[in-house]
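coords16.pdb follows; it contains PDB, C-alpha atoms.
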ATOM      1  CA  MET A   1     124.808 -68.742 -15.289
ATOM      2  CA  LYS A   2     127.794 -66.473 -15.898
ATOM      3  CA  PRO A   3     131.112 -67.340 -14.208
ATOM      4  CA  ILE A   4     131.668 -66.126 -10.674
ATOM      5  CA  LEU A   5     134.730 -63.890 -10.522
ATOM      6  CA  LYS A   6     134.492 -62.849  -6.884
ATOM      7  CA  SER A   7     131.979 -63.393  -4.126
ATOM      8  CA  TYR A   8     131.288 -61.914  -0.702
ATOM      9  CA  LEU A   9     128.875 -63.090   1.969
ATOM     10  CA  ILE A  10     127.023 -60.237   3.669
ATOM     11  CA  GLU A  11     124.379 -60.268   6.350
ATOM     12  CA  VAL A  12     121.530 -57.980   7.325
ATOM     13  CA  ASN A  13     120.709 -58.191  11.007
ATOM     14  CA  VAL A  14     117.258 -57.222  12.267
ATOM     15  CA  GLY A  15     118.594 -55.833  15.548
ATOM     16  CA  THR A  16     117.582 -56.427  19.131
ATOM     17  CA  THR A  17     113.842 -56.212  18.550
ATOM     18  CA  VAL A  18     111.554 -57.986  16.149
ATOM     19  CA  PRO A  19     110.929 -55.660  13.189
ATOM     20  CA  GLY A  20     107.317 -54.790  12.439
ATOM     21  CA  ASN A  21     105.707 -55.592   9.135
ATOM     22  CA  GLY A  22     106.713 -53.010   6.532
ATOM     23  CA  THR A  23     110.029 -52.219   8.202
ATOM     24  CA  GLN A  24     112.905 -51.415   5.878
ATOM     25  CA  ILE A  25     116.329 -52.505   7.082
ATOM     26  CA  PHE A  26     119.273 -50.984   5.234
ATOM     27  CA  ILE A  27     122.364 -53.004   4.440
ATOM     28  CA  GLN A  28     125.459 -51.979   6.342
ATOM     29  CA  ASP A  29     128.648 -50.719   4.735
ATOM     30  CA  TYR A  30     131.258 -53.239   3.634
ATOM     31  CA  SER A  31     134.453 -51.475   2.607
ATOM     32  CA  GLN A  32     135.356 -54.211   0.139
ATOM     33  CA  LEU A  33     132.055 -53.706  -1.697
ATOM     34  CA  ARG A  34     132.110 -49.924  -2.174
ATOM     35  CA  LYS A  35     133.275 -49.929  -5.782
ATOM     36  CA  ILE A  36     131.905 -53.016  -7.436
ATOM     37  CA  PHE A  37     129.799 -54.168 -10.325
ATOM     38  CA  LEU A  38     127.251 -56.688  -9.101
ATOM     39  CA  THR A  39     126.837 -59.681 -11.430
ATOM     40  CA  GLY A  40     124.715 -62.072  -9.381
ATOM     41  CA  ILE A  41     123.111 -62.664  -6.018
ATOM     42  CA  THR A  42     121.796 -65.488  -3.855
ATOM     43  CA  THR A  43     120.024 -65.494  -0.498
ATOM     44  CA  LEU A  44     120.536 -68.014   2.294
ATOM     45  CA  ASP A  45     118.211 -69.200   5.022
ATOM     46  CA  SER A  46     118.736 -71.488   7.994
ATOM     47  CA  SER A  47     118.599 -74.581   5.793
ATOM     48  CA  ASP A  48     121.709 -73.377   3.965
ATOM     49  CA  LEU A  49     123.819 -72.262   6.917
ATOM     50  CA  THR A  50     123.711 -73.126  10.619
ATOM     51  CA  VAL A  51     124.735 -69.628  11.720
ATOM     52  CA  SER A  52     126.147 -66.560   9.986
ATOM     53  CA  PRO A  53     129.915 -65.843  10.167
ATOM     54  CA  SER A  54     129.160 -63.490  13.068
ATOM     55  CA  GLY A  55     127.254 -66.221  14.913
ATOM     56  CA  LYS A  56     123.694 -65.026  14.284
ATOM     57  CA  ASN A  57     120.810 -67.351  13.476
ATOM     58  CA  LEU A  58     119.440 -67.055   9.966
ATOM     59  CA  PHE A  59     115.830 -66.476   8.942
ATOM     60  CA  PRO A  60     114.085 -69.874   8.898
ATOM     61  CA  THR A  61     112.063 -68.838   5.849
ATOM     62  CA  LEU A  62     112.412 -66.103   3.250
ATOM     63  CA  LEU A  63     108.696 -65.899   2.490
ATOM     64  CA  GLY A  64     108.184 -62.650   4.405
ATOM     65  CA  THR A  65     111.095 -60.650   3.039
ATOM     66  CA  THR A  66     111.729 -58.630  -0.119
ATOM     67  CA  VAL A  67     114.956 -57.138  -1.461
ATOM     68  CA  THR A  68     115.656 -53.743  -3.033
ATOM     69  CA  LEU A  69     119.041 -53.066  -4.631
ATOM     70  CA  VAL A  70     120.045 -49.552  -5.642
ATOM     71  CA  ASN A  71     122.675 -48.515  -8.199
ATOM     72  CA  SER A  72     125.096 -45.603  -8.112
ATOM     73  CA  ALA A  73     122.521 -43.361  -9.821
ATOM     74  CA  ASN A  74     120.105 -44.014  -6.935
ATOM     75  CA  GLN A  75     117.843 -46.091  -9.149
ATOM     76  CA  GLU A  76     116.298 -49.301  -7.937
ATOM     77  CA  VAL A  77     117.621 -52.145 -10.069
ATOM     78  CA  LEU A  78     115.898 -54.807  -8.049
ATOM     79  CA  TYR A  79     112.721 -53.494  -6.424
ATOM     80  CA  GLN A  80     110.811 -55.317  -3.705
ATOM     81  CA  TYR A  81     111.834 -58.663  -5.176
ATOM     82  CA  PRO A  82     110.978 -61.732  -3.050
ATOM     83  CA  ALA A  83     114.081 -62.939  -1.210
ATOM     84  CA  LEU A  84     112.860 -66.509  -1.550
ATOM     85  CA  ASP A  85     113.251 -66.363  -5.328
ATOM     86  CA  LEU A  86     116.928 -65.488  -4.960
ATOM     87  CA  ASN A  87     117.625 -68.764  -3.181
ATOM     88  CA  PRO A  88     118.967 -71.319  -5.710
ATOM     89  CA  SER A  89     117.081 -74.162  -4.031
ATOM     90  CA  ASN A  90     113.870 -72.587  -5.320
ATOM     91  CA  GLN A  91     115.243 -72.133  -8.840
ATOM     92  CA  SER A  92     116.392 -75.664  -9.715
ATOM     93  CA  GLY A  93     119.828 -74.813  -8.351
ATOM     94  CA  PHE A  94     120.418 -71.786 -10.573
ATOM     95  CA  TYR A  95     121.436 -68.409  -9.237
ATOM     96  CA  ARG A  96     120.238 -65.094 -10.643
ATOM     97  CA  ASP A  97     122.519 -63.491 -13.215
ATOM     98  CA  LEU A  98     122.280 -59.723 -13.391
ATOM     99  CA  ILE A  99     123.516 -57.370 -16.063
ATOM    100  CA  PRO A 100     126.449 -55.853 -14.149
ATOM    101  CA  PHE A 101     125.636 -52.571 -12.416
ATOM    102  CA  GLN A 102     127.397 -50.374  -9.882
ATOM    103  CA  LEU A 103     125.866 -51.382  -6.595
ATOM    104  CA  GLN A 104     125.268 -48.826  -3.871
ATOM    105  CA  LEU A 105     125.059 -51.184  -0.940
ATOM    106  CA  THR A 106     124.252 -48.721   1.845
ATOM    107  CA  LYS A 107     121.165 -47.460   0.007
ATOM    108  CA  SER A 108     119.948 -51.000  -0.627
ATOM    109  CA  PHE A 109     117.624 -52.619   1.861
ATOM    110  CA  ILE A 110     115.337 -55.483   2.751
ATOM    111  CA  THR A 111     111.670 -55.046   3.625
ATOM    112  CA  ILE A 112     109.971 -57.232   6.201
ATOM    113  CA  ILE A 113     106.468 -57.888   4.919
ATOM    114  CA  ASP A 114     105.658 -60.716   7.333
ATOM    115  CA  ASN A 115     107.613 -61.040  10.557
ATOM    116  CA  THR A 116     105.915 -64.259  11.718
ATOM    117  CA  SER A 117     109.021 -66.445  11.816
ATOM    118  CA  ILE A 118     111.563 -63.750  12.626
ATOM    119  CA  THR A 119     112.961 -63.234  16.112
ATOM    120  CA  ALA A 120     115.351 -60.632  17.500
ATOM    121  CA  ASN A 121     118.978 -60.775  16.368
ATOM    122  CA  MET A 122     118.288 -62.942  13.344
ATOM    123  CA  SER A 123     120.100 -62.256  10.099
ATOM    124  CA  LEU A 124     119.434 -62.638   6.413
ATOM    125  CA  CYS A 125     122.564 -63.574   4.452
ATOM    126  CA  PHE A 126     123.304 -62.726   0.834
ATOM    127  CA  ASN A 127     126.071 -64.107  -1.312
ATOM    128  CA  LEU A 128     127.034 -61.373  -3.767
ATOM    129  CA  PHE A 129     128.880 -62.135  -7.004
ATOM    130  CA  TYR A 130     130.818 -59.169  -8.350
ATOM    131  CA  PHE A 131     133.945 -57.686  -9.870
ATOM    132  CA  ASP A 132     135.831 -54.546  -8.924
ATOM    133  CA  PHE A 133     135.673 -51.214 -10.758
ATOM    134  CA  ASP A 134     139.334 -51.656 -11.689
ATOM    135  CA  ASP A 135     138.543 -54.869 -13.505
ATOM    136  CA  ALA A 136     135.559 -53.433 -15.393
ATOM    137  CA  PRO A 137     137.374 -52.946 -18.727
ATOM    138  CA  LYS A 138     138.285 -56.629 -18.666
ATOM    139  CA  TYR A 139     134.989 -58.097 -17.596
ATOM    140  CA  LEU A 140     132.131 -55.842 -18.789
ATOM    141  CA  LYS A 141     132.517 -57.182 -22.300
ATOM    142  CA  MET A 142     132.556 -60.740 -21.001
ATOM    143  CA  TYR A 143     129.162 -60.080 -19.426
ATOM    144  CA  GLY A 144     128.110 -58.497 -22.719
ATOM    145  CA  THR A 145     126.640 -55.263 -21.465
ATOM    146  CA  ARG A 146     126.612 -51.587 -20.661
ATOM    147  CA  LYS A 147     129.721 -49.463 -20.310
TER     148      LYS A 147
ATOM    149  CA  MET B   1     122.887 -83.948 -17.642
ATOM    150  CA  ALA B   2     121.117 -80.787 -16.650
ATOM    151  CA  GLN B   3     122.161 -77.561 -18.285
ATOM    152  CA  GLY B   4     124.986 -75.853 -16.442
ATOM    153  CA  ASN B   5     126.009 -79.018 -14.646
ATOM    154  CA  ASN B   6     129.195 -79.724 -16.519
ATOM    155  CA  LYS B   7     132.322 -77.602 -16.468
ATOM    156  CA  ALA B   8     134.858 -78.553 -19.129
ATOM    157  CA  SER B   9     138.221 -78.743 -17.446
ATOM    158  CA  LYS B  10     141.702 -80.183 -17.885
ATOM    159  CA  LYS B  11     141.911 -81.511 -14.350
ATOM    160  CA  ILE B  12     139.588 -82.199 -11.452
ATOM    161  CA  LEU B  13     141.462 -82.432  -8.163
ATOM    162  CA  ARG B  14     139.861 -83.322  -4.834
ATOM    163  CA  PHE B  15     141.255 -81.980  -1.573
ATOM    164  CA  ASN B  16     140.701 -82.881   2.069
ATOM    165  CA  VAL B  17     140.662 -80.324   4.843
ATOM    166  CA  PRO B  18     140.514 -82.014   8.262
ATOM    167  CA  ILE B  19     138.581 -80.013  10.850
ATOM    168  CA  VAL B  20     141.260 -80.308  13.466
ATOM    169  CA  ASP B  21     143.892 -77.995  14.901
ATOM    170  CA  GLN B  22     147.215 -78.749  16.491
ATOM    171  CA  SER B  23     146.116 -78.099  20.058
ATOM    172  CA  ASN B  24     142.627 -79.554  20.010
ATOM    173  CA  ILE B  25     141.872 -82.768  18.185
ATOM    174  CA  ASN B  26     138.188 -81.900  17.828
ATOM    175  CA  GLY B  27     138.543 -78.567  16.088
ATOM    176  CA  GLN B  28     136.687 -75.452  17.159
ATOM    177  CA  THR B  29     133.558 -73.566  16.181
ATOM    178  CA  PHE B  30     134.586 -70.462  14.170
ATOM    179  CA  GLY B  31     138.012 -72.020  13.607
ATOM    180  CA  ARG B  32     139.811 -71.577  10.299
ATOM    181  CA  TYR B  33     141.104 -74.743   8.652
ATOM    182  CA  TYR B  34     143.652 -74.320   5.889
ATOM    183  CA  PHE B  35     144.246 -76.257   2.694
ATOM    184  CA  THR B  36     147.590 -77.790   1.940
ATOM    185  CA  ASP B  37     149.509 -76.065  -0.811
ATOM    186  CA  ASN B  38     149.148 -77.392  -4.339
ATOM    187  CA  PRO B  39     150.965 -76.024  -7.401
ATOM    188  CA  ASN B  40     148.324 -77.351  -9.830
ATOM    189  CA  VAL B  41     145.684 -75.147  -8.250
ATOM    190  CA  ASN B  42     147.976 -72.190  -7.686
ATOM    191  CA  THR B  43     148.978 -71.996 -11.357
ATOM    192  CA  GLY B  44     145.639 -72.975 -12.902
ATOM    193  CA  ILE B  45     142.322 -71.223 -13.366
ATOM    194  CA  ILE B  46     139.469 -72.517 -11.273
ATOM    195  CA  VAL B  47     136.399 -72.910 -13.489
ATOM    196  CA  GLY B  48     134.261 -74.961 -11.129
ATOM    197  CA  MET B  49     134.057 -76.303  -7.604
ATOM    198  CA  GLN B  50     132.162 -79.155  -6.032
ATOM    199  CA  ALA B  51     131.900 -80.179  -2.403
ATOM    200  CA  HIS B  52     131.514 -83.846  -1.439
ATOM    201  CA  ALA B  53     130.072 -85.420   1.679
ATOM    202  CA  SER B  54     129.917 -88.893   3.159
ATOM    203  CA  ASN B  55     127.278 -91.066   4.743
ATOM    204  CA  LEU B  56     129.104 -91.339   8.074
ATOM    205  CA  ILE B  57     125.908 -89.981   9.533
ATOM    206  CA  ALA B  58     123.376 -91.831   7.393
ATOM    207  CA  ASN B  59     122.202 -89.692   4.499
ATOM    208  CA  PRO B  60     121.065 -90.824   1.051
ATOM    209  CA  LEU B  61     122.571 -87.715  -0.536
ATOM    210  CA  ALA B  62     126.162 -88.723   0.245
ATOM    211  CA  ASP B  63     128.467 -88.997  -2.757
ATOM    212  CA  ILE B  64     131.620 -90.448  -1.185
ATOM    213  CA  SER B  65     132.427 -93.216   1.233
ATOM    214  CA  ALA B  66     133.477 -92.306   4.753
ATOM    215  CA  SER B  67     136.891 -93.991   4.328
ATOM    216  CA  GLN B  68     138.884 -93.791   7.532
ATOM    217  CA  ALA B  69     142.241 -94.943   6.159
ATOM    218  CA  ALA B  70     144.314 -91.931   7.213
ATOM    219  CA  PHE B  71     145.070 -90.869  10.772
ATOM    220  CA  ILE B  72     145.841 -87.736  12.759
ATOM    221  CA  ASN B  73     147.215 -88.246  16.276
ATOM    222  CA  SER B  74     146.094 -91.911  16.105
ATOM    223  CA  LYS B  75     142.541 -90.796  15.344
ATOM    224  CA  PRO B  76     141.090 -91.813  11.960
ATOM    225  CA  ILE B  77     140.127 -89.136   9.448
ATOM    226  CA  GLY B  78     136.681 -89.607   7.957
ATOM    227  CA  ASN B  79     135.122 -87.693   5.090
ATOM    228  CA  ALA B  80     132.687 -85.217   6.656
ATOM    229  CA  PRO B  81     128.990 -86.127   6.523
ATOM    230  CA  VAL B  82     126.307 -84.264   4.601
ATOM    231  CA  ASN B  83     125.066 -82.220   7.550
ATOM    232  CA  PHE B  84     128.494 -80.544   7.843
ATOM    233  CA  MET B  85     127.877 -78.771   4.530
ATOM    234  CA  ARG B  86     125.688 -76.223   6.336
ATOM    235  CA  SER B  87     128.488 -75.330   8.710
ATOM    236  CA  CYS B  88     131.359 -74.557   6.373
ATOM    237  CA  LEU B  89     132.271 -71.340   4.563
ATOM    238  CA  LEU B  90     134.999 -71.284   1.953
ATOM    239  CA  THR B  91     137.414 -68.370   1.570
ATOM    240  CA  LEU B  92     139.811 -68.369  -1.371
ATOM    241  CA  ILE B  93     142.711 -65.931  -1.455
ATOM    242  CA  ASN B  94     144.677 -65.186  -4.617
ATOM    243  CA  THR B  95     148.399 -64.734  -5.074
ATOM    244  CA  SER B  96     148.000 -60.970  -4.496
ATOM    245  CA  LYS B  97     146.666 -61.860  -1.024
ATOM    246  CA  LYS B  98     143.184 -60.571  -1.877
ATOM    247  CA  GLU B  99     140.024 -62.489  -1.122
ATOM    248  CA  VAL B 100     138.335 -63.665  -4.290
ATOM    249  CA  LEU B 101     135.712 -65.726  -2.491
ATOM    250  CA  SER B 102     134.775 -64.558   0.962
ATOM    251  CA  ASN B 103     132.772 -66.992   3.092
ATOM    252  CA  PHE B 104     131.195 -68.889   0.211
ATOM    253  CA  PRO B 105     128.667 -71.365   1.709
ATOM    254  CA  LEU B 106     129.772 -74.928   1.037
ATOM    255  CA  ASN B 107     126.147 -75.989   0.894
ATOM    256  CA  GLN B 108     125.901 -74.148  -2.423
ATOM    257  CA  LEU B 109     128.812 -76.175  -3.777
ATOM    258  CA  PHE B 110     127.364 -79.526  -2.718
ATOM    259  CA  ASN B 111     125.270 -80.414  -5.703
ATOM    260  CA  ARG B 112     123.537 -83.379  -4.114
ATOM    261  CA  GLY B 113     122.596 -81.288  -1.102
ATOM    262  CA  SER B 114     119.355 -80.021   0.301
ATOM    263  CA  HIS B 115     118.928 -78.107  -2.922
ATOM    264  CA  GLY B 116     118.647 -81.413  -4.702
ATOM    265  CA  LEU B 117     119.201 -79.923  -8.097
ATOM    266  CA  THR B 118     122.010 -77.546  -7.234
ATOM    267  CA  LYS B 119     124.245 -76.949 -10.216
ATOM    268  CA  ILE B 120     128.010 -76.937 -10.310
ATOM    269  CA  TYR B 121     128.537 -73.193 -10.402
ATOM    270  CA  PRO B 122     130.871 -71.731 -13.013
ATOM    271  CA  PHE B 123     133.851 -69.795 -11.690
ATOM    272  CA  PHE B 124     136.723 -67.981 -13.317
ATOM    273  CA  LEU B 125     139.359 -67.199 -10.733
ATOM    274  CA  LYS B 126     142.816 -67.957  -9.431
ATOM    275  CA  ALA B 127     143.619 -68.926  -5.884
ATOM    276  CA  ASP B 128     146.600 -69.628  -3.667
ATOM    277  CA  LEU B 129     145.548 -72.714  -1.737
ATOM    278  CA  SER B 130     148.149 -72.286   0.993
ATOM    279  CA  LYS B 131     146.411 -69.083   2.111
ATOM    280  CA  SER B 132     142.844 -70.282   1.555
ATOM    281  CA  TYR B 133     140.736 -71.795   4.292
ATOM    282  CA  ILE B 134     137.402 -73.114   5.506
ATOM    283  CA  LEU B 135     135.612 -71.341   8.336
ATOM    284  CA  PHE B 136     133.724 -73.897  10.421
ATOM    285  CA  VAL B 137     130.654 -72.316  12.056
ATOM    286  CA  GLY B 138     129.077 -75.504  13.396
ATOM    287  CA  SER B 139     130.040 -77.782  16.245
ATOM    288  CA  ILE B 140     131.452 -81.271  16.067
ATOM    289  CA  PRO B 141     129.102 -83.799  17.686
ATOM    290  CA  PRO B 142     130.512 -84.995  21.030
ATOM    291  CA  GLY B 143     131.894 -88.501  20.968
ATOM    292  CA  LEU B 144     132.606 -88.492  17.244
ATOM    293  CA  SER B 145     135.197 -91.228  16.766
ATOM    294  CA  TYR B 146     136.886 -89.700  13.733
ATOM    295  CA  VAL B 147     138.299 -86.394  12.590
ATOM    296  CA  PRO B 148     135.871 -84.992  10.000
ATOM    297  CA  ALA B 149     137.508 -83.824   6.781
ATOM    298  CA  ILE B 150     135.829 -81.484   4.320
ATOM    299  CA  ASN B 151     136.117 -82.527   0.662
ATOM    300  CA  ILE B 152     136.224 -80.120  -2.261
ATOM    301  CA  SER B 153     137.049 -80.793  -5.909
ATOM    302  CA  PHE B 154     138.518 -78.006  -8.008
ATOM    303  CA  TYR B 155     137.876 -78.008 -11.753
ATOM    304  CA  LEU B 156     140.998 -76.540 -13.327
ATOM    305  CA  ARG B 157     142.046 -75.178 -16.685
TER     306      ARG B 157
END

Whole structure given in structure tokens:
Amino acid sequence: MKPILKSYLIEVNVGTTVPGNGTQIFIQDYSQLRKIFLTGITTLDSSDLTVSPSGKNLFPTLLGTTVTLVNSANQEVLYQYPALDLNPSNQSGFYRDLIPFQLQLTKSFITIIDNTSITANMSLCFNLFYFDFDDAPKYLKMYGTRK
Amino acid sequence: MAQGNNKASKKILRFNVPIVDQSNINGQTFGRYYFTDNPNVNTGIIVGMQAHASNLIANPLADISASQAAFINSKPIGNAPVNFMRSCLLTLINTSKKEVLSNFPLNQLFNRGSHGLTKIYPFFLKADLSKSYILFVGSIPPGLSYVPAINISFYLR
């Protein structure tokens, strides 16, 4: 696991109705995360957090959800990856390290593949590990990767 | 010791953050509870963090005694129990007043927690403790006879 330089908890809310299977829900804009290199990611379910910072209940299980993350070149870096496998409790406590890439959050989304345990107004939370564009010269080398 | 579960550091300092505010002894859901200032943390580099929890509400995963030696408004302070870990989010702010950790779930810093094998995550950041806080998103059980205090150790270089 590479060191965490900054982190930000985001949530994806399903809205006022239960999403159907196959529904894609895009991640909302977070101004602080517009110009970042993503270095790692974890997901959280209701066993990790009682409610989200905005007071929403979390998904009780991540089995029916996948994650797609898109970079600044509109390429999928993570494509339809099971959200459950991004939860450290399923990976012996480790979180996923990623080779840093410029995340385009508003084009990234989750896909509901099984809505069995999901009810209206529930949220899926992600903890994103990142550093800012401005700090890239300092930290890209530390993560040993692309320019 | 499992790989990734040891962060070499010069100092490991544990801090208490009582979930209590001046006007309400019980603390509030969605309240922010601030750390006390500490120059060791403010001038050092945080390379690891670890949350601790007590067995005040019986739980075999506890790693610290409840200890109710200190008091606030004549009410004893007790180290918060394990189930509080799910209700706390840590925000660290640096000396430039920018958030370096925003709502980091304490459950992911409690390495004896529900994850069982959760590692002590590596960090590399600076923080100003006097501006940093814990957001409490749970509720304090009615009739609790002590003020729960959240415990976090900072591994410093």

| said: Using the chain letters and numbers from this file, what does the ChimeraX specification (/B :<8) & /A select? Give the answer as a PyMOL selection string. | reply: chain A and resi 1-9+47-53+55+88-90+92-94+127

| request: Considering all atoms listed in the file, return as a list in words whatever protein or nucleic-acid residues lie within 7 Å of Leu124 of chain A, sequence-local ones (same chain, fewer than 2 positions apart) excluded. | output: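 The contact residues come out as Glu11, Val12, Asn13, Leu44, Asp45, Leu58, Phe59 and Phe126 of chain A.
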
Requested write-out: C-alpha atoms of the selected residues, as a short mmCIF file (atom, residue, chain, number, x, y, z; two decimals), in the coordinates of the input:
data_model
loop_
_atom_site.label_atom_id
_atom_site.label_comp_id
_atom_site.auth_asym_id
_atom_site.auth_seq_id
_atom_site.Cartn_x
_atom_site.Cartn_y
_atom_site.Cartn_z
CA GLU A 11 124.38 -60.27 6.35
CA VAL A 12 121.53 -57.98 7.32
CA ASN A 13 120.71 -58.19 11.01
CA LEU A 44 120.54 -68.01 2.29
CA ASP A 45 118.21 -69.20 5.02
CA LEU A 58 119.44 -67.06 9.97
CA PHE A 59 115.83 -66.48 8.94
CA PHE A 126 123.30 -62.73 0.83
#

| Using only C-alpha atoms, which of the listed residues (B:Asn38, B:Gln68, B:Gln50, B:Asn16) sits closest to Tyr155 of chain B? |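 Answer, going by the shortest atom-to-atom distance: B:Gln50.
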
| task | Report the distance between atom CA of His52 of chain B and atom CA of Val82 of chain B in Å, rounded to one decimal place. | result |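 Computing the Euclidean distance for atom CA of His52 of chain B and atom CA of Val82 of chain B yields 8.0 Å.
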
| said: Restricting the calculation to all atoms listed in the file: of A:Ser72, A:Ile113, A:Gln80, A:Asp97, which residue gets closest to Ile36 of chain A? | reply: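 Ranked by minimum distance to Ile36 of chain A, first place goes to A:Ser72.
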
| field | Expected selection from the PyMOL selection byres ((chain A and resi 21-23) around 10), given as a list in words | value |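 That selection, the PyMOL selection byres ((chain A and resi 21-23) around 10), comes back as Val14, Val18, Pro19, Gly20, Gln24, Ile25, Phe26, Gly64, Thr65, Phe109, Ile110, Thr111, Ile112, Ile113, Asp114, Asn115 and Thr116 of chain A.
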
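Here atom CA of Ser54 of chain B stands at a distance of 24.4 Å from atom CA of Asn87 of chain A.
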